[in-house]
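Chemist: Encoded as structure tokens, here's the structure I'll be asking about.
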Amino acid sequence: MFLVDKDAASAENFAAEVKRQGLDVDVPVKPRKAALASDVIVTCTPAHEPFLRSADVRSGTFIAAIGADNPQKSEIDPALMAKARVVTDLTEQCRTMGDLNHAIRSGAMQIADVHAELGDLVSGKKPGRTAPDEITLFDGCGVGIQDVAACARAYALARQKGAGRGLSLA
């Protein structure tokens, strides 16, 4: 696992904390190399300018973009949004804030380009990834009940498959 922060000292401190919990984490000198080596990228920042671009992401990557939770915040370059299969937690909300907002305002996307809302995938109404090389992107602005439901389902599946490991958060 890679951990990137624009404040190197903060990244190192958090990495040390994570390592104490038994997880293998690396703080890369070149964040782009880390992104290119990753199957899953999670952005959760207060950034006001996009920092993750198409050239930083390889085919088949899943991106969870959850930091842009107001109209001023932006993490994902609109061109990357347009290239990806985009799923939102709530499309109308993402249209007014977050990365979808910026992609639409820049002209890189239209609201009709959004593949689905999370509920559509969970209910089976729409498919998720349809090709192994497809970049999939979840643009989440924060719908609490969906967050809880997704976490509960992921936890249940992990327990069922014996995946993951327990961490003490205390």
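In the structure tokens, chains take the letters A, B, ... in the order shown, each chain's residues start at 1, and ligands count up from 1 in the order shown.
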Per DSSP on the backbone, what are the alpha helix (DSSP H) residues of chain A, as an NGL selection string?
Modeler: :A and (8-20 or 31-36 or 78-83 or 91-96 or 98-106 or 118-122 or 144-161)
Chemist: For the contact check between stretch 12-75 of chain A and stretch 141-157 of chain A, emit one row per residue of stretch 12-75 of chain A within 7 Å, containing the shortest atom pair and the distance in Å rounded to one decimal, counting only C-alpha atoms, chain then rising number order, as CSV.
Modeler:
residue,atom,partner,partner_atom,distance
A:Ile66,CA,A:Cys141,CA,6.0
A:Ala68,CA,A:Cys141,CA,6.5
A:Asp69,CA,A:Cys141,CA,4.7
Chemist: When distances are computed from only C-alpha atoms, which of A:Asp7, A:Glu92, A:Asp139, A:Asp99 shows the smallest separation from A:Ala112?
Modeler: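 Result for the nearest residue to A:Ala112: A:Glu92.
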Chemist: Please compute the atom CA of A:Leu167-atom CA of A:Asp26 distance, one decimal, in Å.
Modeler: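 According to the coordinates, atom CA of A:Leu167 and atom CA of A:Asp26 are separated by 18.2 Å.
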Chemist: Pick out each residue of stretch 46-143 of chain A that DSSP on the backbone tags as strand (DSSP E); I need them as a PyMOL selection string.
Modeler: chain A and resi 62-65+85-88+116-117+136-139
Chemist: Could you dump the residues just selected with N, CA, C and O atoms as a PDB file, in the first residue's frame?
Modeler:
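Final output, saved to out22.pdb:
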ATOM      1  N   PHE A  62      -9.233   1.086 -10.378  1.00  0.00           N
ATOM      2  CA  PHE A  62     -10.438   1.605  -9.732  1.00  0.00           C
ATOM      3  C   PHE A  62     -10.028   2.806  -8.895  1.00  0.00           C
ATOM      4  O   PHE A  62      -9.070   2.732  -8.124  1.00  0.00           O
ATOM      5  N   ILE A  63     -10.759   3.906  -9.033  1.00  0.00           N
ATOM      6  CA  ILE A  63     -10.494   5.126  -8.271  1.00  0.00           C
ATOM      7  C   ILE A  63     -11.718   5.450  -7.435  1.00  0.00           C
ATOM      8  O   ILE A  63     -12.834   5.522  -7.957  1.00  0.00           O
ATOM      9  N   ALA A  64     -11.501   5.653  -6.152  1.00  0.00           N
ATOM     10  CA  ALA A  64     -12.556   6.145  -5.263  1.00  0.00           C
ATOM     11  C   ALA A  64     -12.185   7.583  -4.923  1.00  0.00           C
ATOM     12  O   ALA A  64     -11.257   7.827  -4.156  1.00  0.00           O
ATOM     13  N   ALA A  65     -12.873   8.517  -5.530  1.00  0.00           N
ATOM     14  CA  ALA A  65     -12.616   9.941  -5.329  1.00  0.00           C
ATOM     15  C   ALA A  65     -13.643  10.469  -4.341  1.00  0.00           C
ATOM     16  O   ALA A  65     -14.783  10.725  -4.709  1.00  0.00           O
ATOM     17  N   ARG A  85     -15.292   5.009 -16.435  1.00  0.00           N
ATOM     18  CA  ARG A  85     -16.705   4.651 -16.229  1.00  0.00           C
ATOM     19  C   ARG A  85     -17.056   5.229 -14.857  1.00  0.00           C
ATOM     20  O   ARG A  85     -16.577   4.741 -13.835  1.00  0.00           O
ATOM     21  N   VAL A  86     -17.850   6.277 -14.828  1.00  0.00           N
ATOM     22  CA  VAL A  86     -18.125   7.024 -13.602  1.00  0.00           C
ATOM     23  C   VAL A  86     -19.404   6.536 -12.940  1.00  0.00           C
ATOM     24  O   VAL A  86     -20.453   6.418 -13.573  1.00  0.00           O
ATOM     25  N   VAL A  87     -19.284   6.276 -11.646  1.00  0.00           N
ATOM     26  CA  VAL A  87     -20.416   5.936 -10.790  1.00  0.00           C
ATOM     27  C   VAL A  87     -20.420   6.966  -9.665  1.00  0.00           C
ATOM     28  O   VAL A  87     -19.368   7.298  -9.118  1.00  0.00           O
ATOM     29  N   THR A  88     -21.579   7.461  -9.311  1.00  0.00           N
ATOM     30  CA  THR A  88     -21.692   8.450  -8.235  1.00  0.00           C
ATOM     31  C   THR A  88     -22.478   7.867  -7.067  1.00  0.00           C
ATOM     32  O   THR A  88     -23.189   6.865  -7.222  1.00  0.00           O
ATOM     33  N   ALA A 116     -23.748   5.312 -13.758  1.00  0.00           N
ATOM     34  CA  ALA A 116     -24.751   4.851 -12.794  1.00  0.00           C
ATOM     35  C   ALA A 116     -24.552   5.524 -11.447  1.00  0.00           C
ATOM     36  O   ALA A 116     -23.512   6.109 -11.171  1.00  0.00           O
ATOM     37  N   GLU A 117     -25.552   5.376 -10.609  1.00  0.00           N
ATOM     38  CA  GLU A 117     -25.422   5.694  -9.188  1.00  0.00           C
ATOM     39  C   GLU A 117     -25.106   4.394  -8.466  1.00  0.00           C
ATOM     40  O   GLU A 117     -25.414   3.299  -8.965  1.00  0.00           O
ATOM     41  N   THR A 136     -12.447   2.514 -13.758  1.00  0.00           N
ATOM     42  CA  THR A 136     -13.715   2.797 -13.096  1.00  0.00           C
ATOM     43  C   THR A 136     -13.470   3.811 -11.997  1.00  0.00           C
ATOM     44  O   THR A 136     -12.443   3.777 -11.318  1.00  0.00           O
ATOM     45  N   LEU A 137     -14.402   4.739 -11.839  1.00  0.00           N
ATOM     46  CA  LEU A 137     -14.227   5.831 -10.891  1.00  0.00           C
ATOM     47  C   LEU A 137     -15.517   6.054 -10.128  1.00  0.00           C
ATOM     48  O   LEU A 137     -16.578   6.242 -10.728  1.00  0.00           O
ATOM     49  N   PHE A 138     -15.409   6.020  -8.805  1.00  0.00           N
ATOM     50  CA  PHE A 138     -16.537   6.345  -7.936  1.00  0.00           C
ATOM     51  C   PHE A 138     -16.346   7.770  -7.447  1.00  0.00           C
ATOM     52  O   PHE A 138     -15.357   8.081  -6.795  1.00  0.00           O
ATOM     53  N   ASP A 139     -17.276   8.645  -7.800  1.00  0.00           N
ATOM     54  CA  ASP A 139     -17.254  10.033  -7.343  1.00  0.00           C
ATOM     55  C   ASP A 139     -18.258  10.135  -6.210  1.00  0.00           C
ATOM     56  O   ASP A 139     -19.459  10.122  -6.432  1.00  0.00           O
TER      57      ASP A 139
END
Chemist: Go ahead and compute the interatomic distance for atom CA of A:Val114 and atom CA of A:Leu36, in Å to one decimal.
Modeler: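 That distance, rounded to one decimal, is 24.1 Å.
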Chemist: Which is closest to A:Arg32 among A:Ser168, A:Gln110, A:Ser54, A:Thr45, if we use only C-alpha atoms?
Modeler: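 For A:Arg32, the nearest of the given residues is A:Ser54.
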Chemist: Find the residues near A:Val25: any atom within 9 Å, counting only C-alpha atoms, skip ones fewer than 3 places away on the same chain, and give them as a list of chain:residue names.
Modeler: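 In the requested format, the answer is A:Met1, A:Phe2, A:Leu3, A:Ala15, A:Ala16, A:Val18, A:Lys19.
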Chemist: What does the structure give for the distance between atom CA of A:Glu12 and atom CA of A:Pro31, in Å to one decimal?
Modeler: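 Here the two named atoms are 13.7 Å from each other.
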Chemist: Report as a list in words all protein, DNA and RNA residues lying within 9 Å of A:Leu52, evaluated on only C-alpha atoms, omitting residues in the same chain fewer than 4 positions from it.
Modeler: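 Everything that qualifies: Arg32, Ala35, Thr43, Asp56, Val57, Glu75, Ile76, Asp77 and Leu80 of chain A.
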